[in-house]
file work.txt (compact mmCIF, C-alpha atoms and all ligand atoms)
# COMPACT_ATOMS: atom_id res chain seq x y z
CA CYS A 1 0.00 0.00 0.00
CA LEU A 2 1.10 3.56 -0.47
CA ARG A 3 2.92 4.66 2.68
CA ILE A 4 2.11 8.28 3.35
CA LYS A 5 5.17 10.07 4.69
CA LEU A 6 4.06 10.74 8.28
CA VAL A 7 6.21 13.78 8.74
CA ALA A 8 4.50 17.13 8.73
CA THR A 9 6.50 19.97 7.21
CA THR A 10 6.22 23.33 8.91
CA LYS A 11 8.05 26.16 7.18
CA TYR A 12 11.25 24.59 5.88
CA HIS A 13 11.70 21.85 8.45
CA ASP A 14 10.50 18.25 8.37
CA VAL A 15 8.88 17.75 11.77
CA PHE A 16 9.32 14.37 13.43
CA GLU A 17 6.72 13.50 16.09
CA GLU A 18 8.36 12.65 19.41
CA ARG A 19 5.87 9.87 20.15
CA TYR A 20 7.21 7.89 17.15
CA LEU A 21 10.90 8.49 18.02
CA ARG A 22 12.13 5.33 19.78
CA PHE A 23 15.43 5.63 21.74
CA ILE A 24 17.90 2.82 21.00
CA SER A 25 21.35 3.87 22.26
CA ILE A 26 23.72 6.79 22.88
CA LEU A 27 26.04 7.50 19.93
CA GLY A 28 28.09 10.13 21.68
CA LYS A 29 28.03 12.49 24.61
CA GLY A 30 29.52 15.91 25.05
CA ASN A 31 29.41 18.88 27.36
CA PHE A 32 26.11 20.22 26.13
CA GLY A 33 24.11 17.11 25.45
CA SER A 34 24.24 13.95 23.42
CA VAL A 35 23.64 12.33 20.05
CA GLU A 36 21.36 9.29 20.27
CA LEU A 37 20.48 6.46 17.89
CA CYS A 38 16.68 6.30 17.51
CA ARG A 39 14.20 4.58 15.22
CA TYR A 40 11.47 6.81 13.76
CA ASP A 41 8.70 4.23 13.73
CA PRO A 42 5.23 5.76 13.09
CA TRP A 43 3.85 2.35 12.08
CA GLY A 44 5.07 0.80 15.33
CA ASP A 45 6.33 -2.32 13.52
CA ASN A 46 10.10 -1.59 13.62
CA THR A 47 10.16 -0.86 9.90
CA GLY A 48 10.90 2.84 10.47
CA ASP A 49 14.27 4.49 9.69
CA LEU A 50 17.19 4.61 12.07
CA VAL A 51 18.12 8.26 12.73
CA ALA A 52 20.72 10.14 14.80
CA VAL A 53 19.07 12.62 17.17
CA LYS A 54 21.07 15.43 18.75
CA GLU A 55 19.58 17.05 21.79
CA LEU A 56 20.59 19.80 24.11
CA GLN A 57 20.74 19.06 27.82
CA SER A 58 17.65 20.74 29.30
CA ASP A 59 19.68 22.83 31.76
CA LYS A 60 21.75 24.20 28.90
CA LYS A 61 18.99 26.61 27.87
CA ALA A 62 21.62 29.30 27.31
CA ASN A 63 22.90 27.27 24.38
CA MET A 64 19.43 27.08 22.84
CA ALA A 65 20.19 30.04 20.56
CA ASP A 66 23.42 28.31 19.46
CA PHE A 67 21.50 25.07 18.92
CA GLN A 68 18.88 26.85 16.80
CA ARG A 69 21.73 28.34 14.76
CA GLU A 70 23.27 24.86 14.39
CA ILE A 71 19.93 23.57 13.06
CA GLN A 72 19.77 26.51 10.64
CA THR A 73 23.33 25.75 9.51
CA ILE A 74 23.05 21.99 8.97
CA SER A 75 19.64 22.30 7.22
CA SER A 76 21.22 24.66 4.68
CA LEU A 77 24.08 22.27 3.76
CA HIS A 78 23.65 19.90 0.81
CA CYS A 79 26.88 18.04 0.07
CA ASP A 80 27.88 14.35 -0.32
CA TYR A 81 30.67 14.90 2.21
CA ILE A 82 28.53 16.48 4.94
CA VAL A 83 26.16 14.56 7.22
CA LYS A 84 22.56 14.94 6.01
CA TYR A 85 19.94 16.86 7.94
CA LYS A 86 16.53 15.09 8.17
CA GLY A 87 14.41 17.39 10.32
CA ILE A 88 13.52 18.50 13.82
CA CYS A 89 11.48 17.10 16.69
CA TYR A 90 9.76 19.39 19.16
CA SER A 91 9.62 17.56 22.46
CA ALA A 92 7.05 18.03 25.22
CA GLY A 93 5.35 21.31 24.60
CA ARG A 94 8.27 22.72 22.62
CA LEU A 95 10.36 22.83 25.79
CA SER A 96 13.31 21.62 23.79
CA THR A 97 14.04 20.93 20.13
CA LYS A 98 15.91 17.91 18.81
CA LEU A 99 17.95 17.81 15.60
CA VAL A 100 17.29 14.71 13.46
CA MET A 101 20.10 13.62 11.13
CA GLU A 102 20.95 10.61 8.97
CA TYR A 103 22.50 7.76 10.97
CA LEU A 104 25.80 6.39 9.66
CA PRO A 105 26.32 2.91 11.15
CA PHE A 106 30.13 3.00 10.95
CA GLY A 107 30.13 5.91 13.46
CA SER A 108 33.06 8.30 13.90
CA LEU A 109 36.46 7.99 12.22
CA ILE A 110 38.12 7.37 15.60
CA GLY A 111 36.17 4.18 16.30
CA TYR A 112 36.42 3.04 12.67
CA MET A 113 40.22 3.40 12.64
CA GLU A 114 40.60 1.54 15.92
CA LYS A 115 38.56 -1.34 14.50
CA HIS A 116 39.76 -1.46 10.86
CA ARG A 117 43.28 0.00 10.97
CA GLN A 118 44.81 -3.27 9.68
CA ASN A 119 43.14 -3.03 6.29
CA VAL A 120 43.07 0.74 5.69
CA CYS A 121 45.86 1.48 3.18
CA THR A 122 47.50 4.83 2.34
CA ARG A 123 45.33 5.15 -0.74
CA ARG A 124 42.18 4.94 1.40
CA LEU A 125 43.55 7.48 3.92
CA LEU A 126 44.17 9.88 1.02
CA LEU A 127 40.66 9.20 -0.32
CA PHE A 128 39.19 10.09 3.09
CA ALA A 129 41.43 13.20 3.27
CA SER A 130 40.30 14.36 -0.19
CA GLN A 131 36.62 13.86 0.75
CA ILE A 132 37.06 15.95 3.92
CA CYS A 133 38.76 18.57 1.71
CA LYS A 134 35.79 18.63 -0.66
CA GLY A 135 33.32 18.94 2.23
CA MET A 136 35.37 21.83 3.65
CA GLU A 137 35.63 23.51 0.22
CA TYR A 138 31.81 23.40 0.05
CA LEU A 139 31.55 24.78 3.59
CA GLN A 140 33.96 27.60 2.67
CA SER A 141 31.90 28.41 -0.45
CA MET A 142 28.97 28.98 1.95
CA ARG A 143 31.20 31.25 4.12
CA TYR A 144 30.98 28.83 7.03
CA VAL A 145 33.90 28.18 9.41
CA HIS A 146 33.54 24.79 11.11
CA ARG A 147 35.83 25.55 14.13
CA ASP A 148 35.74 21.95 15.38
CA LEU A 149 37.22 19.91 12.52
CA ALA A 150 38.69 16.80 14.16
CA ALA A 151 38.59 13.03 13.52
CA ARG A 152 36.02 12.69 16.35
CA ASN A 153 33.63 14.77 14.23
CA ILE A 154 34.18 12.88 10.98
CA LEU A 155 31.62 10.17 10.25
CA VAL A 156 32.24 7.01 8.24
CA ALA A 157 29.35 6.30 5.81
CA SER A 158 31.05 3.27 4.18
CA ASP A 159 34.53 1.79 3.59
CA THR A 160 34.98 4.41 0.88
CA LEU A 161 33.02 7.46 2.12
CA VAL A 162 33.43 9.82 5.07
CA LYS A 163 31.35 12.89 5.97
CA ILE A 164 31.89 15.97 8.12
CA ALA A 165 29.55 16.05 11.14
CA ASP A 166 28.75 18.23 14.13
CA PHE A 167 28.19 21.88 13.29
CA GLY A 168 27.74 22.94 16.93
CA LEU A 169 30.58 25.47 16.77
CA THR A 170 30.16 26.51 13.13
CA LYS A 171 29.99 30.26 12.46
CA ILE A 172 29.37 32.38 9.37
CA ILE A 173 32.18 34.77 8.38
CA PRO A 174 30.65 38.27 8.07
CA VAL A 175 30.79 39.58 4.47
CA ASP A 176 33.19 42.42 5.26
CA LYS A 177 35.61 40.31 7.34
CA GLU A 178 38.17 37.54 6.86
CA TYR A 179 37.69 35.93 10.27
CA TYR A 180 35.26 35.35 13.13
CA ARG A 181 36.32 36.38 16.63
CA VAL A 182 34.77 34.28 19.37
CA THR A 183 33.82 36.06 22.61
CA GLN A 184 34.06 33.25 25.15
CA PRO A 185 36.62 30.44 24.60
CA GLY A 186 34.18 27.77 25.81
CA GLU A 187 35.34 24.15 25.69
CA SER A 188 38.27 24.65 23.39
CA PRO A 189 40.03 21.66 21.82
CA ILE A 190 43.30 23.66 21.61
CA PHE A 191 45.33 20.85 20.02
CA TRP A 192 43.26 21.35 16.86
CA TYR A 193 43.46 25.17 17.03
CA ALA A 194 45.65 27.37 14.81
CA PRO A 195 47.97 29.76 16.74
CA GLU A 196 45.74 32.81 16.12
CA SER A 197 42.74 30.86 17.42
CA ILE A 198 44.58 30.03 20.67
CA SER A 199 45.99 33.55 21.17
CA GLU A 200 43.22 35.77 19.78
CA LEU A 201 40.19 33.45 19.47
CA LYS A 202 40.21 34.29 15.73
CA PHE A 203 38.69 31.66 13.40
CA SER A 204 38.76 31.70 9.62
CA HIS A 205 38.94 29.36 6.62
CA LYS A 206 42.69 29.36 7.26
CA SER A 207 42.26 28.17 10.85
CA ASP A 208 39.98 25.41 9.51
CA VAL A 209 42.86 24.44 7.14
CA TRP A 210 45.14 24.18 10.18
CA SER A 211 42.62 21.84 11.86
CA PHE A 212 42.52 19.83 8.62
CA GLY A 213 46.29 19.42 9.00
CA ILE A 214 45.73 17.98 12.48
CA VAL A 215 43.07 15.66 11.02
CA LEU A 216 45.65 14.51 8.41
CA HIS A 217 47.98 13.70 11.30
CA GLU A 218 45.17 11.77 13.01
CA LEU A 219 44.43 9.92 9.75
CA PHE A 220 48.06 8.87 9.21
CA SER A 221 48.36 7.91 12.88
CA TYR A 222 45.23 5.79 12.40
CA CYS A 223 43.74 7.91 15.22
CA ASP A 224 46.01 5.95 17.54
CA ILE A 225 45.20 7.45 20.94
CA SER A 226 48.31 6.18 22.74
CA ARG A 227 50.68 7.61 20.15
CA ASN A 228 49.65 11.27 20.25
CA PRO A 229 49.45 13.89 23.01
CA LYS A 230 46.44 15.56 21.40
CA ARG A 231 43.90 13.36 23.04
CA VAL A 232 44.45 14.65 26.56
CA ARG A 233 41.64 13.31 28.74
CA SER A 234 39.37 16.34 28.45
CA TYR A 235 39.55 18.63 25.45
CA VAL A 236 39.36 21.63 27.75
CA GLN A 237 43.00 22.54 28.31
CA SER A 238 44.32 24.76 31.09
CA PRO A 239 45.46 28.29 30.19
CA SER A 240 49.06 27.29 30.98
CA MET A 241 48.78 24.41 28.50
CA ALA A 242 47.52 26.85 25.87
CA ILE A 243 50.48 29.20 26.46
CA HIS A 244 52.96 26.31 26.37
CA LEU A 245 51.49 25.00 23.09
CA LEU A 246 51.46 28.52 21.60
CA ASN A 247 55.16 29.01 22.40
CA LEU A 248 56.00 25.62 20.90
CA LEU A 249 54.15 26.52 17.69
CA LYS A 250 55.82 29.95 17.53
CA ASP A 251 59.21 28.16 17.80
CA ASN A 252 58.11 26.24 14.70
CA TRP A 253 57.52 22.98 16.56
CA ARG A 254 55.03 20.83 14.65
CA LEU A 255 53.55 17.37 15.25
CA PRO A 256 56.15 14.75 14.26
CA MET A 257 55.46 12.73 11.11
CA PRO A 258 53.46 9.64 12.16
CA SER A 259 55.70 6.55 12.01
CA GLN A 260 53.50 4.70 9.50
CA CYS A 261 53.22 7.76 7.22
CA PRO A 262 54.87 7.08 3.80
CA PRO A 263 57.63 9.67 2.98
CA LYS A 264 55.99 11.04 -0.19
CA VAL A 265 52.83 11.88 1.79
CA LYS A 266 54.97 13.67 4.38
CA ILE A 267 56.49 16.07 1.82
CA LYS A 268 53.09 16.85 0.32
CA THR A 269 51.45 17.06 3.75
CA ASP A 270 54.05 19.49 5.06
CA PHE A 271 53.36 21.70 2.07
CA TYR A 272 49.59 21.45 2.53
CA ILE A 273 49.58 22.20 6.28
CA ASN A 274 51.31 25.53 5.61
CA VAL A 275 49.22 26.51 2.62
CA SER A 276 46.16 28.38 3.77
CA VAL A 277 43.80 27.40 1.00
CA TRP A 278 41.85 24.21 0.48
CA VAL A 279 43.78 21.82 -1.68
CA THR A 280 42.48 18.69 -3.27
CA VAL A 281 44.67 15.99 -1.80
CA THR A 282 45.77 14.02 -4.88
CA ASN A 283 45.37 10.28 -4.37
C1 LIG B 301 30.44 11.74 15.12
C2 LIG B 301 29.07 12.33 15.29
C3 LIG B 301 29.18 13.81 15.76
C4 LIG B 301 29.76 13.91 17.15
N1 LIG B 301 29.03 13.06 18.08
C5 LIG B 301 28.44 13.48 19.27
O1 LIG B 301 27.97 12.64 20.05
N2 LIG B 301 28.34 14.79 19.66
C6 LIG B 301 28.52 15.97 18.86
C7 LIG B 301 28.17 17.13 19.77
C8 LIG B 301 28.40 16.62 21.15
S1 LIG B 301 27.51 17.36 22.45
O2 LIG B 301 26.83 16.30 23.12
O3 LIG B 301 28.47 18.09 23.20
C9 LIG B 301 26.32 18.44 21.95
C10 LIG B 301 25.01 18.02 21.94
C11 LIG B 301 24.00 18.92 21.57
C12 LIG B 301 24.35 20.22 21.19
C13 LIG B 301 25.69 20.62 21.22
C14 LIG B 301 26.69 19.73 21.60
C15 LIG B 301 28.00 15.14 21.04
C16 LIG B 301 28.88 11.65 17.69
C17 LIG B 301 28.22 11.56 16.33
N3 LIG B 301 28.02 10.17 15.92
C18 LIG B 301 28.81 9.13 16.61
C19 LIG B 301 27.18 9.76 14.89
N4 LIG B 301 27.24 8.44 14.58
C20 LIG B 301 26.45 7.96 13.59
N5 LIG B 301 25.61 8.71 12.86
C21 LIG B 301 25.53 10.02 13.13
N6 LIG B 301 24.78 11.00 12.55
C22 LIG B 301 25.05 12.19 13.15
C23 LIG B 301 26.00 11.99 14.17
C24 LIG B 301 26.30 10.62 14.16
call {"tool": "encode", "arguments": {"input": "work.txt", "output": "structure tokens", "more": "lines below"}}
Ligand SMILES: C[C@@H]1CCN(C(=O)N2CC[C@@H](S(=O)(=O)c3ccccc3)C2)C[C@@H]1N(C)c1ncnc2[nH]ccc12
result
Amino acid sequence: CLRIKLVATTKYHDVFEERYLRFISILGKGNFGSVELCRYDPWGDNTGDLVAVKELQSDKKANMADFQREIQTISSLHCDYIVKYKGICYSAGRLSTKLVMEYLPFGSLIGYMEKHRQNVCTRRLLLFASQICKGMEYLQSMRYVHRDLAARNILVASDTLVKIADFGLTKIIPVDKEYYRVTQPGESPIFWYAPESISELKFSHKSDVWSFGIVLHELFSYCDISRNPKRVRSYVQSPSMAIHLLNLLKDNWRLPMPSQCPPKVKIKTDFYINVSVWVTVTN
């Protein structure tokens, strides 16, 4: 029989009814809330789609404006290398809104690398790097700065496709400016930050390129937690850590080449990390 799509559309958002959203498991937690795996099952027979639902912790009302902006951002992005927006779910009397996105069963790049590192060759790492590049080029064309590009926020759609996820910190660069200055540092993952982001809280397409360089390092280290200092327990670093890192970077210290990284990638990668434009990483 014809299945009528049971999702009302108000304005430009597909509205998912909370009563049909069935919680399955937690996909990830952070400081402001969580991303949960749910099944949207209006027919109640488990034939509904699996979806990823991001919700704000109720006591984080202050971030509601940021969350609304995140919803606005992700619903305006249409790119093969960016996680797809599906709609929103108003819970109990519109007290809080939930963001409904496509669910990618392979999860984040970190988990995928830990599980499959044995059979991920250099060619595949470069394919993933070029896809992240393309997603970031699209983001830049929309004047968005991601500000939280890291392997933990890259999703694996299949063995040959990754997508950029989590636009919680994404900002639009004003037309007359080259960068976005953040007022409060918040929970800053400083090991992914460019020097000007650590010292002046300035974020631009160039600082996103710097973060991409860190993601390249994560890729060629197979996101090996033990082998790199970046994954300090909590991403919030102390001010003294930020100053120490800033001085290291000013003295031209850079992350060492990962041991498994093939030499020819190193030369190209060095070049790319210092070039402040998106480059298509040749396979
Ligand atoms: C890697 C993804 C983004 C990061 N993440 C996460 O848990 N968080 C991102 C934001 C933080 S939060 O909880 O701090 C937060 C909460 C609300 C407002 C703002 C921030 C949690 C896990 C996700 N994940 C495993 C997924 N796996 C499979 N399919 C998916 N579709 C979409 C996401 C997703």
call {"tool": "residues_near_ligand", "arguments": {"input": "work.txt", "ligand": "ligand LIG 301 (chain B)", "cutoff": "6 Å", "atoms": "only C-alpha atoms and all ligand atoms", "output": "MDAnalysis selection string"}}
result
chainID A and resid 27:35 52 54:56 101:105 107:108 152:155 165:166 168
call {"tool": "closest_residue", "arguments": {"input": "work.txt", "among": "A:Val51, A:Leu37, A:Ala194, A:Val15", "to": "A:Arg254", "atoms": "only C-alpha atoms"}}
result
A:Ala194
call {"tool": "closest_residue", "arguments": {"input": "work.txt", "among": "A:Ser197, A:Ser130, A:Thr73, A:Gln57", "to": "A:Leu169", "atoms": "all atoms listed in the file"}}
result
A:Thr73
call {"tool": "atom_distance", "arguments": {"input": "work.txt", "atom1": "atom CA of A:Cys121", "atom2": "atom CA of A:Gly135"}}
result
21.5 Å
call {"tool": "atom_distance", "arguments": {"input": "work.txt", "atom1": "atom CA of A:Asn63", "atom2": "atom CA of A:Phe167"}}
result
13.4 Å
call {"tool": "atom_distance", "arguments": {"input": "work.txt", "atom1": "atom CA of A:Arg143", "atom2": "atom CA of A:Ile173"}}
result
5.6 Å
call {"tool": "closest_residue", "arguments": {"input": "work.txt", "among": "A:Ile71, A:Val265, A:Cys223, A:Leu201", "to": "A:Ile110", "atoms": "all atoms listed in the file"}}
result
A:Cys223
call {"tool": "residues_around", "arguments": {"input": "work.txt", "residues": "A:Lys202", "least_positions_apart": "2", "cutoff": "6 Å", "atoms": "all atoms listed in the file", "output": "count of residues only"}}
result
5
call {"tool": "closest_residue", "arguments": {"input": "work.txt", "among": "A:Pro239, A:Ile82, A:Phe220, A:Lys177", "to": "A:Val156", "atoms": "all atoms listed in the file"}}
result
A:Ile82
call {"tool": "closest_residue", "arguments": {"input": "work.txt", "among": "A:Trp192, A:Tyr90, A:Tyr179, A:Tyr85", "to": "A:Gln140", "atoms": "all atoms listed in the file"}}
result
A:Tyr179
call {"tool": "residues_around", "arguments": {"input": "work.txt", "residues": "A:Ile132", "least_positions_apart": "5", "cutoff": "12 Å", "atoms": "only C-alpha atoms", "output": "ChimeraX atom specification"}}
result
/A:79-83,109,125-127,137-139,146,149-151,153-156,161-165,208-209,211-213,215-216,219,278-281
call {"tool": "closest_residue", "arguments": {"input": "work.txt", "among": "A:His78, A:Glu17, A:Arg117, A:Ile172", "to": "A:Thr97", "atoms": "all atoms listed in the file"}}
result
A:Glu17
call {"tool": "residues_near_point", "arguments": {"input": "work.txt", "point": "(53.0, 6.8, 0.3)", "cutoff": "10 Å", "atoms": "all atoms listed in the file", "output": "NGL selection string"}}
result
:A and (121-123 or 126 or 260-266 or 283)
call {"tool": "build_atoms", "arguments": {"input": "work.txt", "residues": "stretch 137-148 of chain A", "atoms": "all heavy atoms", "output": "mmCIF file, keeping the file's coordinate frame"}}
result
data_model
loop_
_atom_site.group_PDB
_atom_site.id
_atom_site.type_symbol
_atom_site.label_atom_id
_atom_site.label_comp_id
_atom_site.auth_asym_id
_atom_site.auth_seq_id
_atom_site.Cartn_x
_atom_site.Cartn_y
_atom_site.Cartn_z
ATOM 1 N N GLU A 137 35.698 22.519 1.317
ATOM 2 C CA GLU A 137 35.630 23.510 0.220
ATOM 3 C C GLU A 137 34.178 23.984 0.069
ATOM 4 O O GLU A 137 33.908 25.170 -0.090
ATOM 5 C CB GLU A 137 36.090 22.870 -1.092
ATOM 6 C CG GLU A 137 37.570 23.012 -1.354
ATOM 7 C CD GLU A 137 37.984 22.296 -2.651
ATOM 8 O OE1 GLU A 137 37.545 21.158 -2.859
ATOM 9 O OE2 GLU A 137 38.746 22.891 -3.424
ATOM 10 N N TYR A 138 33.228 23.039 0.173
ATOM 11 C CA TYR A 138 31.810 23.400 0.050
ATOM 12 C C TYR A 138 31.417 24.338 1.194
ATOM 13 O O TYR A 138 30.786 25.373 0.989
ATOM 14 C CB TYR A 138 30.941 22.133 0.069
ATOM 15 C CG TYR A 138 29.462 22.422 0.182
ATOM 16 C CD1 TYR A 138 28.710 22.819 -0.926
ATOM 17 C CD2 TYR A 138 28.803 22.337 1.417
ATOM 18 C CE1 TYR A 138 27.354 23.105 -0.820
ATOM 19 C CE2 TYR A 138 27.446 22.634 1.540
ATOM 20 C CZ TYR A 138 26.736 23.014 0.416
ATOM 21 O OH TYR A 138 25.384 23.318 0.536
ATOM 22 N N LEU A 139 31.868 23.956 2.416
ATOM 23 C CA LEU A 139 31.550 24.780 3.590
ATOM 24 C C LEU A 139 32.089 26.203 3.394
ATOM 25 O O LEU A 139 31.407 27.192 3.660
ATOM 26 C CB LEU A 139 32.193 24.138 4.834
ATOM 27 C CG LEU A 139 31.448 24.156 6.163
ATOM 28 C CD1 LEU A 139 30.014 23.692 6.025
ATOM 29 C CD2 LEU A 139 32.180 23.289 7.177
ATOM 30 N N GLN A 140 33.335 26.281 2.871
ATOM 31 C CA GLN A 140 33.960 27.600 2.670
ATOM 32 C C GLN A 140 33.165 28.392 1.627
ATOM 33 O O GLN A 140 32.966 29.588 1.777
ATOM 34 C CB GLN A 140 35.410 27.419 2.195
ATOM 35 C CG GLN A 140 36.103 28.748 1.920
ATOM 36 C CD GLN A 140 37.579 28.582 1.623
ATOM 37 O OE1 GLN A 140 38.195 27.600 2.012
ATOM 38 N NE2 GLN A 140 38.153 29.555 0.939
ATOM 39 N N SER A 141 32.659 27.697 0.608
ATOM 40 C CA SER A 141 31.900 28.410 -0.450
ATOM 41 C C SER A 141 30.610 29.006 0.130
ATOM 42 O O SER A 141 30.054 29.943 -0.416
ATOM 43 C CB SER A 141 31.550 27.432 -1.575
ATOM 44 O OG SER A 141 30.559 26.521 -1.114
ATOM 45 N N MET A 142 30.176 28.450 1.295
ATOM 46 C CA MET A 142 28.970 28.980 1.950
ATOM 47 C C MET A 142 29.351 29.972 3.051
ATOM 48 O O MET A 142 28.531 30.357 3.864
ATOM 49 C CB MET A 142 28.168 27.821 2.568
ATOM 50 C CG MET A 142 27.815 26.706 1.612
ATOM 51 S SD MET A 142 26.335 27.080 0.697
ATOM 52 C CE MET A 142 25.118 26.721 1.954
ATOM 53 N N ARG A 143 30.659 30.313 3.117
ATOM 54 C CA ARG A 143 31.200 31.250 4.120
ATOM 55 C C ARG A 143 31.077 30.739 5.538
ATOM 56 O O ARG A 143 31.068 31.495 6.491
ATOM 57 C CB ARG A 143 30.527 32.631 4.018
ATOM 58 C CG ARG A 143 30.771 33.354 2.715
ATOM 59 C CD ARG A 143 30.242 34.791 2.755
ATOM 60 N NE ARG A 143 30.993 35.605 3.714
ATOM 61 C CZ ARG A 143 32.180 36.134 3.444
ATOM 62 N NH1 ARG A 143 32.762 35.887 2.295
ATOM 63 N NH2 ARG A 143 32.810 36.861 4.338
ATOM 64 N N TYR A 144 31.007 29.416 5.694
ATOM 65 C CA TYR A 144 30.980 28.830 7.030
ATOM 66 C C TYR A 144 32.392 28.469 7.481
ATOM 67 O O TYR A 144 33.204 27.986 6.690
ATOM 68 C CB TYR A 144 30.156 27.535 7.046
ATOM 69 C CG TYR A 144 28.660 27.759 7.079
ATOM 70 C CD1 TYR A 144 27.843 27.278 6.059
ATOM 71 C CD2 TYR A 144 28.057 28.447 8.132
ATOM 72 C CE1 TYR A 144 26.467 27.466 6.082
ATOM 73 C CE2 TYR A 144 26.678 28.645 8.155
ATOM 74 C CZ TYR A 144 25.894 28.156 7.143
ATOM 75 O OH TYR A 144 24.538 28.351 7.168
ATOM 76 N N VAL A 145 32.668 28.665 8.786
ATOM 77 C CA VAL A 145 33.900 28.180 9.410
ATOM 78 C C VAL A 145 33.468 27.117 10.407
ATOM 79 O O VAL A 145 32.613 27.377 11.265
ATOM 80 C CB VAL A 145 34.631 29.349 10.142
ATOM 81 C CG1 VAL A 145 35.843 28.826 10.883
ATOM 82 C CG2 VAL A 145 35.056 30.413 9.141
ATOM 83 N N HIS A 146 34.012 25.915 10.292
ATOM 84 C CA HIS A 146 33.540 24.790 11.110
ATOM 85 C C HIS A 146 33.962 24.958 12.572
ATOM 86 O O HIS A 146 33.160 24.759 13.489
ATOM 87 C CB HIS A 146 34.088 23.474 10.542
ATOM 88 C CG HIS A 146 33.492 22.250 11.188
ATOM 89 N ND1 HIS A 146 33.859 21.821 12.434
ATOM 90 C CD2 HIS A 146 32.532 21.389 10.769
ATOM 91 C CE1 HIS A 146 33.170 20.742 12.750
ATOM 92 N NE2 HIS A 146 32.353 20.461 11.763
ATOM 93 N N ARG A 147 35.237 25.281 12.804
ATOM 94 C CA ARG A 147 35.830 25.550 14.130
ATOM 95 C C ARG A 147 36.007 24.317 14.990
ATOM 96 O O ARG A 147 36.570 24.396 16.068
ATOM 97 C CB ARG A 147 34.987 26.591 14.912
ATOM 98 C CG ARG A 147 34.977 27.963 14.289
ATOM 99 C CD ARG A 147 34.319 29.008 15.198
ATOM 100 N NE ARG A 147 34.891 28.993 16.534
ATOM 101 C CZ ARG A 147 34.150 28.817 17.636
ATOM 102 N NH1 ARG A 147 32.853 28.621 17.546
ATOM 103 N NH2 ARG A 147 34.726 28.813 18.824
ATOM 104 N N ASP A 148 35.520 23.144 14.545
ATOM 105 C CA ASP A 148 35.740 21.950 15.380
ATOM 106 C C ASP A 148 36.056 20.743 14.509
ATOM 107 O O ASP A 148 35.607 19.627 14.776
ATOM 108 C CB ASP A 148 34.490 21.680 16.241
ATOM 109 C CG ASP A 148 34.809 20.756 17.414
ATOM 110 O OD1 ASP A 148 36.014 20.462 17.616
ATOM 111 O OD2 ASP A 148 33.876 20.311 18.100
#
